[in-house]
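Asks: Got model.csv for you, CSV, C-alpha atoms:
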```
chain,number,residue,atom,x,y,z
A,21,MET,CA,0.0,0.0,0.0
A,22,GLU,CA,3.1,2.3,-0.1
A,23,GLU,CA,2.2,3.3,-3.6
A,24,THR,CA,-1.5,3.8,-2.9
A,25,PRO,CA,-2.7,7.3,-2.2
A,26,ALA,CA,-3.2,8.0,1.5
A,27,ARG,CA,-6.6,9.4,1.0
A,28,LEU,CA,-7.7,5.9,-0.2
A,29,THR,CA,-6.0,3.9,2.5
A,30,ALA,CA,-7.6,6.2,5.1
A,31,LYS,CA,-11.1,5.2,3.8
A,32,PRO,CA,-12.7,2.1,5.5
A,33,SER,CA,-14.9,1.6,2.4
A,34,TRP,CA,-11.8,1.3,0.2
A,35,LEU,CA,-10.0,-1.0,2.6
A,36,LEU,CA,-13.1,-3.2,3.0
A,37,THR,CA,-13.4,-3.5,-0.8
A,38,GLN,CA,-9.8,-4.4,-1.3
A,39,LEU,CA,-10.0,-7.0,1.5
A,40,ALA,CA,-13.2,-8.4,0.1
A,41,VAL,CA,-11.4,-9.3,-3.1
A,42,HIS,CA,-8.8,-11.3,-1.1
A,43,ALA,CA,-11.4,-12.8,1.1
A,44,HIS,CA,-13.5,-14.0,-1.9
A,45,ARG,CA,-10.4,-15.5,-3.6
A,46,LEU,CA,-9.4,-17.3,-0.4
A,47,ALA,CA,-12.9,-18.6,0.2
A,48,SER,CA,-13.3,-19.8,-3.4
A,49,ASP,CA,-10.1,-21.7,-3.1
A,50,GLY,CA,-11.2,-23.2,0.2
A,51,PHE,CA,-14.5,-24.3,-1.2
A,52,GLY,CA,-12.7,-25.7,-4.2
A,53,GLU,CA,-10.5,-27.9,-2.0
A,54,VAL,CA,-13.5,-29.8,-0.8
A,55,GLY,CA,-15.5,-29.8,-4.0
A,56,ALA,CA,-18.0,-27.2,-2.9
A,57,ARG,CA,-19.2,-23.7,-3.7
A,58,GLY,CA,-20.4,-20.8,-1.6
A,59,TYR,CA,-24.0,-21.4,-2.5
A,60,HIS,CA,-23.7,-25.0,-1.3
A,61,TYR,CA,-22.4,-23.9,2.0
A,62,ARG,CA,-25.1,-21.3,2.5
A,63,ILE,CA,-27.9,-23.8,1.9
A,64,MET,CA,-26.4,-26.6,4.0
A,65,ALA,CA,-25.6,-24.2,6.8
A,66,ALA,CA,-29.2,-23.0,6.8
A,67,LEU,CA,-30.5,-26.6,6.8
A,68,ASP,CA,-28.2,-27.6,9.6
A,69,GLU,CA,-29.2,-24.6,11.8
A,70,PHE,CA,-32.9,-24.3,11.0
A,71,GLY,CA,-33.9,-27.8,9.8
A,72,VAL,CA,-36.0,-28.9,6.9
A,73,ALA,CA,-37.1,-25.9,4.7
A,74,SER,CA,-38.7,-25.0,1.4
A,75,GLN,CA,-36.6,-23.8,-1.4
A,76,ALA,CA,-38.1,-20.3,-0.9
A,77,GLU,CA,-37.2,-20.3,2.8
A,78,LEU,CA,-33.7,-21.4,2.0
A,79,GLY,CA,-33.4,-18.5,-0.5
A,80,ARG,CA,-34.5,-16.0,2.1
A,81,ARG,CA,-32.3,-17.4,4.9
A,82,SER,CA,-29.3,-17.7,2.6
A,83,ASN,CA,-29.8,-14.3,0.8
A,84,MET,CA,-29.9,-16.1,-2.6
A,85,ASP,CA,-31.9,-15.5,-5.7
A,86,ARG,CA,-34.5,-18.2,-6.4
A,87,SER,CA,-32.8,-19.5,-9.6
A,88,ASP,CA,-29.5,-19.8,-7.7
A,89,VAL,CA,-31.2,-21.8,-4.9
A,90,VAL,CA,-32.7,-24.2,-7.4
A,91,ALA,CA,-29.4,-24.8,-9.2
A,92,ALA,CA,-27.5,-25.3,-6.0
A,93,ILE,CA,-30.1,-27.7,-4.6
A,94,ASN,CA,-30.0,-29.6,-7.8
A,95,GLU,CA,-26.2,-29.9,-7.5
A,96,LEU,CA,-26.4,-30.9,-3.8
A,97,ALA,CA,-29.1,-33.5,-4.5
A,98,GLU,CA,-27.1,-35.0,-7.3
A,99,GLN,CA,-24.2,-35.4,-4.9
A,100,GLY,CA,-26.5,-36.9,-2.2
A,101,PHE,CA,-26.0,-34.0,0.2
A,102,VAL,CA,-29.6,-33.0,0.3
A,103,GLU,CA,-32.9,-34.7,-0.4
A,104,ARG,CA,-35.9,-32.9,-1.9
A,105,ALA,CA,-39.5,-34.1,-1.4
A,106,PRO,CA,-42.9,-32.6,-2.0
A,107,ASP,CA,-44.4,-30.8,1.0
A,108,PRO,CA,-47.4,-32.9,2.2
A,109,ASP,CA,-49.2,-29.7,3.1
A,110,ASP,CA,-48.6,-28.0,-0.3
A,111,ARG,CA,-47.6,-30.3,-3.2
A,112,ARG,CA,-46.4,-27.3,-5.2
A,113,ARG,CA,-43.5,-26.8,-2.8
A,114,ASN,CA,-40.5,-28.9,-2.2
A,115,LEU,CA,-39.0,-29.5,1.2
A,116,VAL,CA,-35.3,-29.9,1.4
A,117,THR,CA,-33.4,-31.9,4.0
A,118,LEU,CA,-29.7,-32.2,4.8
A,119,THR,CA,-28.6,-35.9,4.5
A,120,LYS,CA,-25.9,-37.6,6.6
A,121,ALA,CA,-23.5,-37.3,3.7
A,122,GLY,CA,-24.4,-33.6,3.5
A,123,ASP,CA,-23.7,-33.1,7.2
A,124,ARG,CA,-20.2,-34.7,6.7
A,125,GLN,CA,-19.6,-32.4,3.7
A,126,LEU,CA,-20.7,-29.4,5.7
A,127,ARG,CA,-18.2,-30.3,8.4
A,128,ARG,CA,-15.4,-30.6,5.7
A,129,ILE,CA,-16.4,-27.1,4.4
A,130,ASP,CA,-16.4,-25.7,7.9
A,131,ARG,CA,-12.8,-27.0,8.4
A,132,ALA,CA,-11.7,-25.6,5.0
A,133,LEU,CA,-13.3,-22.2,5.9
A,134,ASP,CA,-11.7,-22.2,9.3
A,135,LYS,CA,-8.3,-22.3,7.5
A,136,VAL,CA,-9.4,-19.5,5.2
A,137,GLN,CA,-10.3,-17.3,8.2
A,138,ASP,CA,-6.9,-18.1,9.7
A,139,ASP,CA,-5.2,-17.1,6.5
A,140,LEU,CA,-7.3,-13.9,6.0
A,141,LEU,CA,-7.0,-12.7,9.6
A,142,GLY,CA,-3.5,-14.1,10.2
A,143,PRO,CA,-1.8,-10.9,11.5
A,144,LEU,CA,-4.6,-10.3,14.1
A,145,PRO,CA,-4.7,-11.8,17.6
A,146,ALA,CA,-7.8,-13.8,18.6
A,147,GLU,CA,-9.3,-10.9,20.5
A,148,ASP,CA,-9.0,-8.5,17.6
A,149,ARG,CA,-10.5,-11.2,15.2
A,150,GLN,CA,-13.5,-11.4,17.5
A,151,THR,CA,-13.8,-7.6,17.7
A,152,LEU,CA,-13.5,-7.2,13.9
A,153,THR,CA,-16.2,-9.9,13.4
A,154,ARG,CA,-18.5,-8.2,15.8
A,155,LEU,CA,-18.0,-4.8,14.2
A,156,LEU,CA,-18.5,-6.1,10.7
A,157,ALA,CA,-21.7,-7.9,11.8
A,158,GLN,CA,-23.0,-4.7,13.4
A,159,LEU,CA,-22.3,-2.7,10.2
A,160,LEU,CA,-24.0,-5.3,8.0
A,161,LYS,CA,-27.0,-5.5,10.3
A,162,HIS,CA,-27.4,-1.7,10.1
A,163,HIS,CA,-27.2,-1.6,6.3
A,164,GLN,CA,-29.5,-4.6,5.8
A,165,ARG,CA,-32.4,-2.9,7.6
A,166,GLY,CA,-33.0,-0.9,4.4
```
Output the file's structure as structure tokens, nothing else.

Replies:
Amino acid sequence: MEETPARLTAKPSWLLTQLAVHAHRLASDGFGEVGARGYHYRIMAALDEFGVASQAELGRRSNMDRSDVVAAINELAEQGFVERAPDPDDRRRNLVTLTKAGDRQLRRIDRALDKVQDDLLGPLPAEDRQTLTRLLAQLLKHHQRG
């Protein structure tokens, strides 16, 4: 950053944008190491935390577009990581469930992403990592209220 104008490096928005590029690359590499994608992780994490859900619910919980949800669920179902079944209360909807194989894959992804976090936040001590995470979550929550 020695060659970068000081007025840029003094702006949190610029710093966050530059760091986001690195974070995205590291996360993509981490997902790739375990044969996954970010959308897969979002869906499986939502199923693990909240249980069986419709595709629409998964989209809302994962902040994903409907077409992306369908494509990711198709991929996950082909790999045996989720099962899709008609909702007995509304046959037009599908309910998605995380399988045992999906749970194992989710744990592999978690381990890969833990390594990514360590790489991304390497220079920071644990307390600073927790503080940064808390502050980023606070900012995101504020801007998502929209």

Asks: Which one is closest to A:Gly52: A:Arg27, A:Arg128, A:Arg154, A:Lys161? Count all atoms listed in the file.

Replies: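 That would be A:Arg128, the residue with the smallest distance to A:Gly52.
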
Asks: What is the distance between atom CA of A:Asn83 and atom CA of A:Ala43, in Å to one decimal?

Replies: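 Distance between the two atoms: 18.5 Å.
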
Asks: At a cut-off of 12 Å, using all atoms listed in the file, what residues contact A:Ala121? Leave out same-chain residues fewer than 3 positions from it and give the result as a ChimeraX atom specification.

Replies: /A:64,96-103,117-118,124-128

Asks: Suppose we keep C-alpha atoms; can you now write the selection as a PDB file, keeping the file's coordinate frame?

Replies:
```pdb
ATOM      1  CA  MET A  64     -26.400 -26.600   4.000  1.00  0.00           C
ATOM      2  CA  LEU A  96     -26.400 -30.900  -3.800  1.00  0.00           C
ATOM      3  CA  ALA A  97     -29.100 -33.500  -4.500  1.00  0.00           C
ATOM      4  CA  GLU A  98     -27.100 -35.000  -7.300  1.00  0.00           C
ATOM      5  CA  GLN A  99     -24.200 -35.400  -4.900  1.00  0.00           C
ATOM      6  CA  GLY A 100     -26.500 -36.900  -2.200  1.00  0.00           C
ATOM      7  CA  PHE A 101     -26.000 -34.000   0.200  1.00  0.00           C
ATOM      8  CA  VAL A 102     -29.600 -33.000   0.300  1.00  0.00           C
ATOM      9  CA  GLU A 103     -32.900 -34.700  -0.400  1.00  0.00           C
ATOM     10  CA  THR A 117     -33.400 -31.900   4.000  1.00  0.00           C
ATOM     11  CA  LEU A 118     -29.700 -32.200   4.800  1.00  0.00           C
ATOM     12  CA  ARG A 124     -20.200 -34.700   6.700  1.00  0.00           C
ATOM     13  CA  GLN A 125     -19.600 -32.400   3.700  1.00  0.00           C
ATOM     14  CA  LEU A 126     -20.700 -29.400   5.700  1.00  0.00           C
ATOM     15  CA  ARG A 127     -18.200 -30.300   8.400  1.00  0.00           C
ATOM     16  CA  ARG A 128     -15.400 -30.600   5.700  1.00  0.00           C
TER      17      ARG A 128
END
```

Asks: Under the rule of at most 7 Å, produce a per-residue listing of stretch 87-160 of chain A near stretch 69-81 of chain A: chain, number, name, the closest pair of atoms, and the distance in Å, as JSON lines, using all atoms listed in the file.

Replies:
```
{"residue": "A:Val89", "atom": "CA", "partner": "A:Gly79", "partner_atom": "CA", "distance": 5.9}
{"residue": "A:Arg113", "atom": "CA", "partner": "A:Ser74", "partner_atom": "CA", "distance": 6.6}
{"residue": "A:Asn114", "atom": "CA", "partner": "A:Ser74", "partner_atom": "CA", "distance": 5.6}
{"residue": "A:Leu115", "atom": "CA", "partner": "A:Ser74", "partner_atom": "CA", "distance": 4.5}
{"residue": "A:Val116", "atom": "CA", "partner": "A:Ala73", "partner_atom": "CA", "distance": 5.5}
{"residue": "A:Thr117", "atom": "CA", "partner": "A:Val72", "partner_atom": "CA", "distance": 4.9}
```

Asks: Mind pulling up the distance from atom CA of A:Asp68 to atom CA of A:Lys120?

Replies: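 It comes out at 10.7 Å.
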
Asks: Pick out the closest residue to A:Arg62 from this set: A:Ser82, A:Gln137, A:Thr29, A:Arg111. Count all atoms listed in the file.

Replies: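 Smallest distance to A:Arg62 is found for A:Ser82.
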